[in-house]
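Containing PDB, C-alpha atoms and all ligand atoms: entry.pdb.
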MODEL        1
ATOM      1  CA  MET A 267     114.228  77.518 101.896  1.00  0.00           C
ATOM      2  CA  LYS A 268     117.633  78.635 103.091  1.00  0.00           C
ATOM      3  CA  VAL A 269     117.709  78.552 106.914  1.00  0.00           C
ATOM      4  CA  TYR A 270     120.039  80.541 109.139  1.00  0.00           C
ATOM      5  CA  LYS A 271     119.960  79.553 112.787  1.00  0.00           C
ATOM      6  CA  ALA A 272     120.767  82.442 115.093  1.00  0.00           C
ATOM      7  CA  LYS A 273     121.572  82.166 118.767  1.00  0.00           C
ATOM      8  CA  ASP A 274     118.938  84.588 119.964  1.00  0.00           C
ATOM      9  CA  TYR A 275     116.752  87.550 118.960  1.00  0.00           C
ATOM     10  CA  ASP A 276     119.710  89.911 118.748  1.00  0.00           C
ATOM     11  CA  ALA A 277     121.741  87.607 116.507  1.00  0.00           C
ATOM     12  CA  MET A 278     118.654  86.994 114.346  1.00  0.00           C
ATOM     13  CA  SER A 279     118.105  90.741 113.996  1.00  0.00           C
ATOM     14  CA  ARG A 280     121.719  91.377 113.096  1.00  0.00           C
ATOM     15  CA  LYS A 281     121.741  88.663 110.429  1.00  0.00           C
ATOM     16  CA  ALA A 282     118.474  89.886 108.898  1.00  0.00           C
ATOM     17  CA  ALA A 283     119.736  93.483 108.839  1.00  0.00           C
ATOM     18  CA  ASN A 284     122.933  92.328 107.114  1.00  0.00           C
ATOM     19  CA  ILE A 285     120.882  90.593 104.415  1.00  0.00           C
ATOM     20  CA  ILE A 286     118.703  93.678 103.856  1.00  0.00           C
ATOM     21  CA  ALA A 287     121.755  95.953 103.869  1.00  0.00           C
ATOM     22  CA  ALA A 288     123.429  93.737 101.249  1.00  0.00           C
ATOM     23  CA  GLN A 289     120.292  94.014  99.106  1.00  0.00           C
ATOM     24  CA  VAL A 290     120.308  97.816  99.293  1.00  0.00           C
ATOM     25  CA  ILE A 291     124.061  98.104  98.735  1.00  0.00           C
ATOM     26  CA  LEU A 292     123.909  95.860  95.659  1.00  0.00           C
ATOM     27  CA  LYS A 293     120.742  97.533  94.304  1.00  0.00           C
ATOM     28  CA  PRO A 294     120.356 101.061  95.715  1.00  0.00           C
ATOM     29  CA  ASN A 295     116.931 101.506  94.087  1.00  0.00           C
ATOM     30  CA  SER A 296     115.517  98.346  95.663  1.00  0.00           C
ATOM     31  CA  VAL A 297     111.842  97.953  96.425  1.00  0.00           C
ATOM     32  CA  LEU A 298     111.681  96.619  99.980  1.00  0.00           C
ATOM     33  CA  GLY A 299     108.564  94.950 101.310  1.00  0.00           C
ATOM     34  CA  LEU A 300     108.388  95.667 105.042  1.00  0.00           C
ATOM     35  CA  ALA A 301     106.654  94.198 108.070  1.00  0.00           C
ATOM     36  CA  THR A 302     105.655  95.443 111.510  1.00  0.00           C
ATOM     37  CA  GLY A 303     105.257  93.565 114.806  1.00  0.00           C
ATOM     38  CA  SER A 304     107.866  92.675 117.404  1.00  0.00           C
ATOM     39  CA  SER A 305     109.958  90.374 115.192  1.00  0.00           C
ATOM     40  CA  PRO A 306     111.530  93.037 112.907  1.00  0.00           C
ATOM     41  CA  ILE A 307     112.127  95.759 115.531  1.00  0.00           C
ATOM     42  CA  GLY A 308     115.713  94.618 116.186  1.00  0.00           C
ATOM     43  CA  THR A 309     116.343  94.306 112.445  1.00  0.00           C
ATOM     44  CA  TYR A 310     115.245  97.925 111.992  1.00  0.00           C
ATOM     45  CA  GLU A 311     117.503  99.010 114.856  1.00  0.00           C
ATOM     46  CA  TYR A 312     120.514  97.397 113.185  1.00  0.00           C
ATOM     47  CA  LEU A 313     119.560  98.947 109.838  1.00  0.00           C
ATOM     48  CA  ALA A 314     119.290 102.383 111.445  1.00  0.00           C
ATOM     49  CA  ALA A 315     122.758 101.895 112.963  1.00  0.00           C
ATOM     50  CA  LYS A 316     124.150 100.899 109.572  1.00  0.00           C
ATOM     51  CA  TYR A 317     122.684 104.040 108.047  1.00  0.00           C
ATOM     52  CA  GLN A 318     124.146 106.173 110.849  1.00  0.00           C
ATOM     53  CA  ASN A 319     127.582 104.555 110.333  1.00  0.00           C
ATOM     54  CA  GLY A 320     127.424 105.472 106.672  1.00  0.00           C
ATOM     55  CA  ASP A 321     127.298 101.829 105.568  1.00  0.00           C
ATOM     56  CA  VAL A 322     123.892 101.896 103.863  1.00  0.00           C
ATOM     57  CA  ASP A 323     122.137 104.628 101.920  1.00  0.00           C
ATOM     58  CA  PHE A 324     118.349 104.371 101.690  1.00  0.00           C
ATOM     59  CA  SER A 325     117.850 107.434  99.482  1.00  0.00           C
ATOM     60  CA  GLY A 326     116.999 105.344  96.419  1.00  0.00           C
ATOM     61  CA  VAL A 327     114.804 102.809  98.202  1.00  0.00           C
ATOM     62  CA  THR A 328     111.038 102.470  97.833  1.00  0.00           C
ATOM     63  CA  SER A 329     109.113 100.529 100.465  1.00  0.00           C
ATOM     64  CA  VAL A 330     105.740  98.844 100.533  1.00  0.00           C
ATOM     65  CA  ASN A 331     104.369  97.567 103.803  1.00  0.00           C
ATOM     66  CA  LEU A 332     102.444  94.368 104.174  1.00  0.00           C
ATOM     67  CA  ASP A 333      99.420  95.572 106.041  1.00  0.00           C
ATOM     68  CA  GLU A 334      97.478  98.133 108.057  1.00  0.00           C
ATOM     69  CA  TYR A 335      94.556  98.018 110.469  1.00  0.00           C
ATOM     70  CA  LYS A 336      91.336  99.271 108.924  1.00  0.00           C
ATOM     71  CA  GLY A 337      90.206 102.400 110.739  1.00  0.00           C
ATOM     72  CA  LEU A 338      93.553 103.560 112.154  1.00  0.00           C
ATOM     73  CA  ASP A 339      95.358 106.620 110.832  1.00  0.00           C
ATOM     74  CA  ALA A 340      99.048 107.563 110.946  1.00  0.00           C
ATOM     75  CA  SER A 341      98.665 109.510 114.191  1.00  0.00           C
ATOM     76  CA  ASN A 342      97.303 106.454 116.041  1.00  0.00           C
ATOM     77  CA  ASP A 343     100.245 104.876 117.839  1.00  0.00           C
ATOM     78  CA  GLN A 344      98.909 101.399 117.029  1.00  0.00           C
ATOM     79  CA  SER A 345      98.762 102.002 113.298  1.00  0.00           C
ATOM     80  CA  TYR A 346     101.404 100.329 111.215  1.00  0.00           C
ATOM     81  CA  ARG A 347     102.224 103.615 109.483  1.00  0.00           C
ATOM     82  CA  TYR A 348     103.043 105.072 112.928  1.00  0.00           C
ATOM     83  CA  PHE A 349     105.132 101.985 113.754  1.00  0.00           C
ATOM     84  CA  MET A 350     107.154 102.302 110.555  1.00  0.00           C
ATOM     85  CA  ASN A 351     107.739 106.022 111.060  1.00  0.00           C
ATOM     86  CA  GLN A 352     108.924 105.374 114.625  1.00  0.00           C
ATOM     87  CA  ASN A 353     111.032 102.272 114.073  1.00  0.00           C
ATOM     88  CA  LEU A 354     112.624 102.886 110.703  1.00  0.00           C
ATOM     89  CA  PHE A 355     111.579 105.751 108.469  1.00  0.00           C
ATOM     90  CA  SER A 356     112.514 108.511 110.949  1.00  0.00           C
ATOM     91  CA  LYS A 357     115.927 106.890 111.491  1.00  0.00           C
ATOM     92  CA  VAL A 358     117.147 106.401 107.921  1.00  0.00           C
ATOM     93  CA  ASN A 359     117.181 108.561 104.790  1.00  0.00           C
ATOM     94  CA  ILE A 360     114.416 106.821 102.862  1.00  0.00           C
ATOM     95  CA  PRO A 361     112.259 109.559 101.248  1.00  0.00           C
ATOM     96  CA  LEU A 362     108.935 109.407 103.112  1.00  0.00           C
ATOM     97  CA  GLU A 363     107.038 109.934  99.843  1.00  0.00           C
ATOM     98  CA  ASN A 364     108.498 106.640  98.600  1.00  0.00           C
ATOM     99  CA  THR A 365     107.136 104.662 101.560  1.00  0.00           C
ATOM    100  CA  TYR A 366     103.751 103.019 101.155  1.00  0.00           C
ATOM    101  CA  VAL A 367     101.396 101.436 103.689  1.00  0.00           C
ATOM    102  CA  PRO A 368      97.773 100.476 102.907  1.00  0.00           C
ATOM    103  CA  ASP A 369      95.455 103.382 103.755  1.00  0.00           C
ATOM    104  CA  GLY A 370      93.701 102.415 106.985  1.00  0.00           C
ATOM    105  CA  THR A 371      91.615 105.580 106.854  1.00  0.00           C
ATOM    106  CA  GLU A 372      89.787 104.499 103.682  1.00  0.00           C
ATOM    107  CA  PRO A 373      86.502 102.975 104.932  1.00  0.00           C
ATOM    108  CA  ASP A 374      85.643 101.476 101.539  1.00  0.00           C
ATOM    109  CA  SER A 375      87.593  98.198 101.524  1.00  0.00           C
ATOM    110  CA  ASP A 376      87.356  97.692  97.769  1.00  0.00           C
ATOM    111  CA  LYS A 377      88.696 101.178  97.166  1.00  0.00           C
ATOM    112  CA  ALA A 378      91.517 100.813  99.705  1.00  0.00           C
ATOM    113  CA  CYS A 379      92.640  97.467  98.270  1.00  0.00           C
ATOM    114  CA  ALA A 380      92.393  98.584  94.625  1.00  0.00           C
ATOM    115  CA  ALA A 381      94.432 101.694  95.447  1.00  0.00           C
ATOM    116  CA  TYR A 382      97.136  99.609  97.133  1.00  0.00           C
ATOM    117  CA  ASN A 383      97.231  97.117  94.259  1.00  0.00           C
ATOM    118  CA  GLU A 384      97.729 100.063  91.919  1.00  0.00           C
ATOM    119  CA  ILE A 385     100.652 101.279  94.057  1.00  0.00           C
ATOM    120  CA  LEU A 386     102.154  97.784  94.016  1.00  0.00           C
ATOM    121  CA  ARG A 387     101.861  97.667  90.225  1.00  0.00           C
ATOM    122  CA  LYS A 388     103.502 101.087  89.929  1.00  0.00           C
ATOM    123  CA  VAL A 389     106.480 100.356  92.190  1.00  0.00           C
ATOM    124  CA  GLY A 390     107.067  97.025  90.410  1.00  0.00           C
ATOM    125  CA  THR A 391     108.326  93.694  91.668  1.00  0.00           C
ATOM    126  CA  VAL A 392     109.375  93.695  95.302  1.00  0.00           C
ATOM    127  CA  ASP A 393     113.096  92.916  95.510  1.00  0.00           C
ATOM    128  CA  LEU A 394     113.087  91.735  99.108  1.00  0.00           C
ATOM    129  CA  GLN A 395     110.038  91.086 101.254  1.00  0.00           C
ATOM    130  CA  LEU A 396     110.594  90.959 105.010  1.00  0.00           C
ATOM    131  CA  LEU A 397     108.072  88.852 106.952  1.00  0.00           C
ATOM    132  CA  GLY A 398     107.282  87.871 110.515  1.00  0.00           C
ATOM    133  CA  LEU A 399     105.314  84.734 111.330  1.00  0.00           C
ATOM    134  CA  GLY A 400     102.013  84.727 113.200  1.00  0.00           C
ATOM    135  CA  HIS A 401     101.287  82.049 115.811  1.00  0.00           C
ATOM    136  CA  ASN A 402      98.688  80.580 113.465  1.00  0.00           C
ATOM    137  CA  GLY A 403     101.037  80.650 110.475  1.00  0.00           C
ATOM    138  CA  HIS A 404      99.783  83.924 109.036  1.00  0.00           C
ATOM    139  CA  ILE A 405     102.011  86.150 106.943  1.00  0.00           C
ATOM    140  CA  GLY A 406     100.939  89.740 106.553  1.00  0.00           C
ATOM    141  CA  PHE A 407      97.360  89.373 107.746  1.00  0.00           C
ATOM    142  CA  ASN A 408      96.726  86.399 105.488  1.00  0.00           C
ATOM    143  CA  GLU A 409      94.989  84.241 108.061  1.00  0.00           C
ATOM    144  CA  PRO A 410      94.495  80.455 107.758  1.00  0.00           C
ATOM    145  CA  GLY A 411      91.797  79.757 105.165  1.00  0.00           C
ATOM    146  CA  ASP A 412      90.727  77.664 102.199  1.00  0.00           C
ATOM    147  CA  PHE A 413      92.910  79.286  99.569  1.00  0.00           C
ATOM    148  CA  PHE A 414      95.949  81.534  99.129  1.00  0.00           C
ATOM    149  CA  PRO A 415      94.669  85.085  98.336  1.00  0.00           C
ATOM    150  CA  ASP A 416      96.542  86.684  95.454  1.00  0.00           C
ATOM    151  CA  GLU A 417      96.371  90.463  95.889  1.00  0.00           C
ATOM    152  CA  THR A 418      95.552  93.056  98.548  1.00  0.00           C
ATOM    153  CA  HIS A 419      92.326  92.303 100.386  1.00  0.00           C
ATOM    154  CA  CYS A 420      90.427  93.147 103.536  1.00  0.00           C
ATOM    155  CA  VAL A 421      90.515  90.445 106.227  1.00  0.00           C
ATOM    156  CA  ASP A 422      88.608  89.698 109.382  1.00  0.00           C
ATOM    157  CA  LEU A 423      91.317  89.098 111.962  1.00  0.00           C
ATOM    158  CA  ALA A 424      91.403  85.630 113.505  1.00  0.00           C
ATOM    159  CA  GLU A 425      90.597  85.442 117.228  1.00  0.00           C
ATOM    160  CA  LYS A 426      94.159  84.156 117.832  1.00  0.00           C
ATOM    161  CA  THR A 427      95.562  87.251 116.116  1.00  0.00           C
ATOM    162  CA  ILE A 428      93.333  89.594 118.134  1.00  0.00           C
ATOM    163  CA  GLN A 429      94.485  87.874 121.327  1.00  0.00           C
ATOM    164  CA  ALA A 430      98.165  88.042 120.252  1.00  0.00           C
ATOM    165  CA  ASN A 431      97.930  91.740 119.351  1.00  0.00           C
ATOM    166  CA  LYS A 432      95.886  92.918 122.335  1.00  0.00           C
ATOM    167  CA  ARG A 433      99.118  93.445 124.277  1.00  0.00           C
ATOM    168  CA  PHE A 434      99.587  96.625 122.254  1.00  0.00           C
ATOM    169  CA  PHE A 435      96.090  97.975 122.993  1.00  0.00           C
ATOM    170  CA  ALA A 436      94.275  99.004 126.190  1.00  0.00           C
ATOM    171  CA  SER A 437      92.121  95.853 125.862  1.00  0.00           C
ATOM    172  CA  ALA A 438      91.169  93.130 123.359  1.00  0.00           C
ATOM    173  CA  GLU A 439      88.023  95.170 122.539  1.00  0.00           C
ATOM    174  CA  ASP A 440      90.231  97.968 121.221  1.00  0.00           C
ATOM    175  CA  VAL A 441      92.001  95.749 118.671  1.00  0.00           C
ATOM    176  CA  PRO A 442      90.568  96.527 115.218  1.00  0.00           C
ATOM    177  CA  ARG A 443      88.634  93.569 113.773  1.00  0.00           C
ATOM    178  CA  GLN A 444      89.702  94.103 110.197  1.00  0.00           C
ATOM    179  CA  ALA A 445      92.870  94.897 108.295  1.00  0.00           C
ATOM    180  CA  TYR A 446      94.055  95.469 104.760  1.00  0.00           C
ATOM    181  CA  THR A 447      96.828  93.108 103.723  1.00  0.00           C
ATOM    182  CA  MET A 448      98.998  92.383 100.748  1.00  0.00           C
ATOM    183  CA  GLY A 449      98.068  89.017  99.244  1.00  0.00           C
ATOM    184  CA  ILE A 450     100.110  85.831  99.255  1.00  0.00           C
ATOM    185  CA  GLY A 451     100.498  86.098  95.466  1.00  0.00           C
ATOM    186  CA  THR A 452     102.254  89.456  95.797  1.00  0.00           C
ATOM    187  CA  ILE A 453     104.468  88.083  98.565  1.00  0.00           C
ATOM    188  CA  MET A 454     105.369  85.041  96.450  1.00  0.00           C
ATOM    189  CA  ARG A 455     106.258  87.254  93.471  1.00  0.00           C
ATOM    190  CA  ALA A 456     108.937  89.089  95.501  1.00  0.00           C
ATOM    191  CA  ARG A 457     112.423  88.221  94.234  1.00  0.00           C
ATOM    192  CA  THR A 458     113.612  87.361  97.748  1.00  0.00           C
ATOM    193  CA  VAL A 459     111.563  86.616 100.840  1.00  0.00           C
ATOM    194  CA  LEU A 460     113.191  87.002 104.254  1.00  0.00           C
ATOM    195  CA  VAL A 461     111.336  85.604 107.274  1.00  0.00           C
ATOM    196  CA  VAL A 462     112.427  86.414 110.828  1.00  0.00           C
ATOM    197  CA  VAL A 463     111.154  84.199 113.650  1.00  0.00           C
ATOM    198  CA  SER A 464     112.125  84.299 117.296  1.00  0.00           C
ATOM    199  CA  GLY A 465     111.081  82.655 120.542  1.00  0.00           C
ATOM    200  CA  ALA A 466     109.868  79.316 121.879  1.00  0.00           C
ATOM    201  CA  ASP A 467     106.240  80.409 121.483  1.00  0.00           C
ATOM    202  CA  LYS A 468     106.754  80.284 117.700  1.00  0.00           C
ATOM    203  CA  ALA A 469     108.407  76.817 117.756  1.00  0.00           C
ATOM    204  CA  PRO A 470     105.223  74.731 117.151  1.00  0.00           C
ATOM    205  CA  ILE A 471     104.053  76.822 114.190  1.00  0.00           C
ATOM    206  CA  LEU A 472     107.551  77.063 112.709  1.00  0.00           C
ATOM    207  CA  LYS A 473     107.776  73.271 112.773  1.00  0.00           C
ATOM    208  CA  GLN A 474     104.499  73.089 110.837  1.00  0.00           C
ATOM    209  CA  VAL A 475     105.680  75.716 108.374  1.00  0.00           C
ATOM    210  CA  LEU A 476     108.903  73.821 107.677  1.00  0.00           C
ATOM    211  CA  GLU A 477     107.796  70.215 107.993  1.00  0.00           C
ATOM    212  CA  GLY A 478     104.010  70.049 107.683  1.00  0.00           C
ATOM    213  CA  PRO A 479     101.870  70.026 104.555  1.00  0.00           C
ATOM    214  CA  ILE A 480     101.876  73.076 102.282  1.00  0.00           C
ATOM    215  CA  THR A 481      98.363  74.331 102.877  1.00  0.00           C
ATOM    216  CA  PRO A 482      96.420  77.609 103.156  1.00  0.00           C
ATOM    217  CA  GLN A 483      95.570  76.433 106.682  1.00  0.00           C
ATOM    218  CA  VAL A 484      99.217  77.324 107.447  1.00  0.00           C
ATOM    219  CA  PRO A 485      99.708  80.265 105.067  1.00  0.00           C
ATOM    220  CA  ALA A 486     103.490  80.572 105.584  1.00  0.00           C
ATOM    221  CA  SER A 487     103.975  76.957 104.448  1.00  0.00           C
ATOM    222  CA  ILE A 488     103.735  78.163 100.830  1.00  0.00           C
ATOM    223  CA  LEU A 489     107.062  79.971 101.287  1.00  0.00           C
ATOM    224  CA  ARG A 490     108.736  76.559 100.866  1.00  0.00           C
ATOM    225  CA  LEU A 491     107.793  76.849  97.178  1.00  0.00           C
ATOM    226  CA  HIS A 492     109.487  80.229  96.810  1.00  0.00           C
ATOM    227  CA  PRO A 493     112.700  80.007  94.750  1.00  0.00           C
ATOM    228  CA  ASN A 494     114.601  82.388  97.023  1.00  0.00           C
ATOM    229  CA  ALA A 495     113.200  82.277 100.539  1.00  0.00           C
ATOM    230  CA  ILE A 496     115.465  82.843 103.512  1.00  0.00           C
ATOM    231  CA  LEU A 497     114.512  82.041 107.083  1.00  0.00           C
ATOM    232  CA  VAL A 498     116.469  83.600 109.940  1.00  0.00           C
ATOM    233  CA  ALA A 499     115.233  82.041 113.156  1.00  0.00           C
ATOM    234  CA  ASP A 500     116.673  81.773 116.619  1.00  0.00           C
ATOM    235  CA  GLU A 501     117.425  78.548 118.478  1.00  0.00           C
ATOM    236  CA  ALA A 502     114.250  78.771 120.548  1.00  0.00           C
ATOM    237  CA  ALA A 503     112.035  79.109 117.469  1.00  0.00           C
ATOM    238  CA  LEU A 504     113.776  76.158 115.771  1.00  0.00           C
ATOM    239  CA  SER A 505     113.763  74.017 118.930  1.00  0.00           C
ATOM    240  CA  GLU A 506     111.025  71.648 117.684  1.00  0.00           C
ATOM    241  CA  THR A 507     112.767  70.941 114.375  1.00  0.00           C
ATOM    242  CA  ASP A 508     115.920  68.908 113.653  1.00  0.00           C
ATOM    243  CA  ILE A 509     117.669  72.014 112.271  1.00  0.00           C
TER     244      ILE A 509
HETATM  245  C1  LIG B   1     103.047  92.563 110.568  1.00  0.00           C
HETATM  246  C2  LIG B   1     102.538  91.327 110.030  1.00  0.00           C
HETATM  247  C3  LIG B   1     102.277  90.118 110.860  1.00  0.00           C
HETATM  248  C4  LIG B   1     103.373  89.823 111.879  1.00  0.00           C
HETATM  249  C5  LIG B   1     103.046  88.570 112.681  1.00  0.00           C
HETATM  250  C6  LIG B   1     104.088  88.290 113.742  1.00  0.00           C
HETATM  251  O1  LIG B   1     103.166  93.538 109.541  1.00  0.00           O
HETATM  252  O2  LIG B   1     102.295  91.295 108.867  1.00  0.00           O
HETATM  253  O3  LIG B   1     102.113  89.013 110.008  1.00  0.00           O
HETATM  254  O4  LIG B   1     104.584  89.647 111.202  1.00  0.00           O
HETATM  255  O5  LIG B   1     101.801  88.731 113.301  1.00  0.00           O
HETATM  256  O6  LIG B   1     104.049  89.307 114.687  1.00  0.00           O
HETATM  257  P1  LIG B   1     105.161  89.449 115.832  1.00  0.00           P
HETATM  258  O7  LIG B   1     106.440  89.731 115.113  1.00  0.00           O
HETATM  259  O8  LIG B   1     104.706  90.597 116.668  1.00  0.00           O
HETATM  260  O9  LIG B   1     105.194  88.135 116.544  1.00  0.00           O
ENDMDL
END

Please go through the file and, once you have read it, give me the structure as structure tokens.
Ligand code: F6R
Amino acid sequence: MKVYKAKDYDAMSRKAANIIAAQVILKPNSVLGLATGSSPIGTYEYLAAKYQNGDVDFSGVTSVNLDEYKGLDASNDQSYRYFMNQNLFSKVNIPLENTYVPDGTEPDSDKACAAYNEILRKVGTVDLQLLGLGHNGHIGFNEPGDFFPDETHCVDLAEKTIQANKRFFASAEDVPRQAYTMGIGTIMRARTVLVVVSGADKAPILKQVLEGPITPQVPASILRLHPNAILVADEAALSETDI
């Protein structure tokens, strides 16, 4: 894994945006895999600025998001579709019809996951997959478990994830208990994987990801086997490693 150490969240965001911009400049019809959460917000801000400066054109880009809460629709301000519209899609010229997020409104999990797998097959190999890192090592909503799930599936959110995400909801009870997520297999088949990690609270898990055993108990550890994985992390997040 190639590691870039950034001074802080802003420097991390700027570096990650530069890498994504380079991808889109070199291949204007890139398929970008996108993430939500607090880690990529700064990256999206820099990308929006690059679009506004005329440095990057997103008109040929297709995007597929990692995950969505089951039961939330696009008008719910906690849905990941809403997040993407707010933080990126409304600020750049990506055609909205070429942006895909799992359908949280589909109550039949098998149907929702099969439909998303079909979309992933249609758009083809993801050129660059952006990822954040959960405190328990999850990527997308692939929680610690006994195996690495291959394709899109419905997950029961880990208690740690519910606790981490409750800050965005009125209370922990309001956090959905299930989500649809892209599988680890799909993530690993992306041509490039770009992970952004910031903050001292992520330092213990990042150490495990980089230096511990490669195990589905720490899902992100498998990224060390990816032929083109890039980690952009700030000093605080890397503070428990020798990097
Ligand atoms: C979001 C996602 C999650 C987050 C992770 C870190 O689409 O797939 O895996 O990347 O929970 O979240 P933050 O960045 O909020 O710490």

Using all atoms listed in the file, find each residue in chain A having at least one atom no more than 6 Å away from ligand LIG 1 (chain B); report its shortest atom-to-atom pair and that distance in Å (one decimal), rows by chain then rising number, as a tab-separated table.
residue	atom	partner	partner_atom	distance
A:Ala301	CA	B:LIG1	O1	3.8
A:Thr302	CA	B:LIG1	O1	3.7
A:Gly303	CA	B:LIG1	O8	3.5
A:Ser304	CA	B:LIG1	O8	3.9
A:Ser305	CA	B:LIG1	O7	3.6
A:Leu332	CA	B:LIG1	O1	5.5
A:Asp333	CA	B:LIG1	O1	5.5
A:Leu397	CA	B:LIG1	O4	5.6
A:Gly398	CA	B:LIG1	O4	3.3
A:Leu399	CA	B:LIG1	C6	4.5
A:Gly400	CA	B:LIG1	O5	4.0
A:His404	CA	B:LIG1	O3	5.7
A:Ile405	CA	B:LIG1	O3	4.2
A:Gly406	CA	B:LIG1	O2	3.1
A:Phe407	CA	B:LIG1	O3	5.3

A:Asn494, A:Glu372, A:Asp323, A:Asp276: which is nearest Gln395 of chain A, counting only C-alpha atoms?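 For Gln395 of chain A, the nearest of the candidates is A:Asn494.
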
Option closest in space to Gly403 of chain A, from A:Gln344, A:Gln352, A:Gln483, A:Thr371 [counting only C-alpha atoms]: A:Gln483

When you count all atoms listed in the file, which of these residues is closest to Val330 of chain A: A:Val441, A:Thr447, A:Asn359, A:Arg280?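 Closest candidate: A:Thr447.
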
The centre and edge lengths of an axis-aligned box containing all atoms of segment 454-464 of chain A present in the file, extended by 6 Å on each side, are to be given in Å to one decimal, as JSON.
{"center_x": 109.5, "center_y": 86.6, "center_z": 105.4, "size_x": 20.2, "size_y": 16.9, "size_z": 35.8}

Please write the residues picked by the PyMOL selection byres (((chain A and resi 311-321) around 7) and not hetatm) on this file as an NGL selection string. :A and (280 or 283 or 307-310 or 322-323 or 354 or 357-358)

Which residue gives the smallest distance to Phe414 of chain A among A:Ala288, A:Gln429, A:Met448, A:Asn295, with only C-alpha atoms counted?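 Of the candidates, the smallest distance to Phe414 of chain A is held by A:Met448.
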
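The point (117.3, 76.8, 109.7) has these residues within 8 Å of it, counting all atoms listed in the file: Lys268, Val269, Tyr270, Lys271, Leu497, Val498, Ala499, Leu504 and Ile509 of chain A.
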
Taking (111.5, 76.2, 100.3) in the coordinates of the supplied file, I want to know which residues reach to within 12 Å of it, counting all atoms listed in the file; could you give the answer as a PyMOL selection string? chain A and resi 267-269+454+458-461+475-477+480+486-497

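Distance-wise, atom CA of Gly411 of chain A and atom CA of Leu423 of chain A end up 11.6 Å apart.
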
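The residues returned by the PyMOL selection byres (((chain A and resi 419-421) around 7) and not hetatm) for this structure are Ser375, Cys379, Glu417, Thr418, Asp422, Leu423, Gln444, Ala445, Tyr446, Thr447, Met448 and Gly449 of chain A.
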
Neighbouring residues of Gly370 of chain A were defined as those with any atom within 6 Å, considering all atoms listed in the file; residues of the same chain fewer than 5 positions away were excluded. Please report them as number ranges by chain. A: 334-339
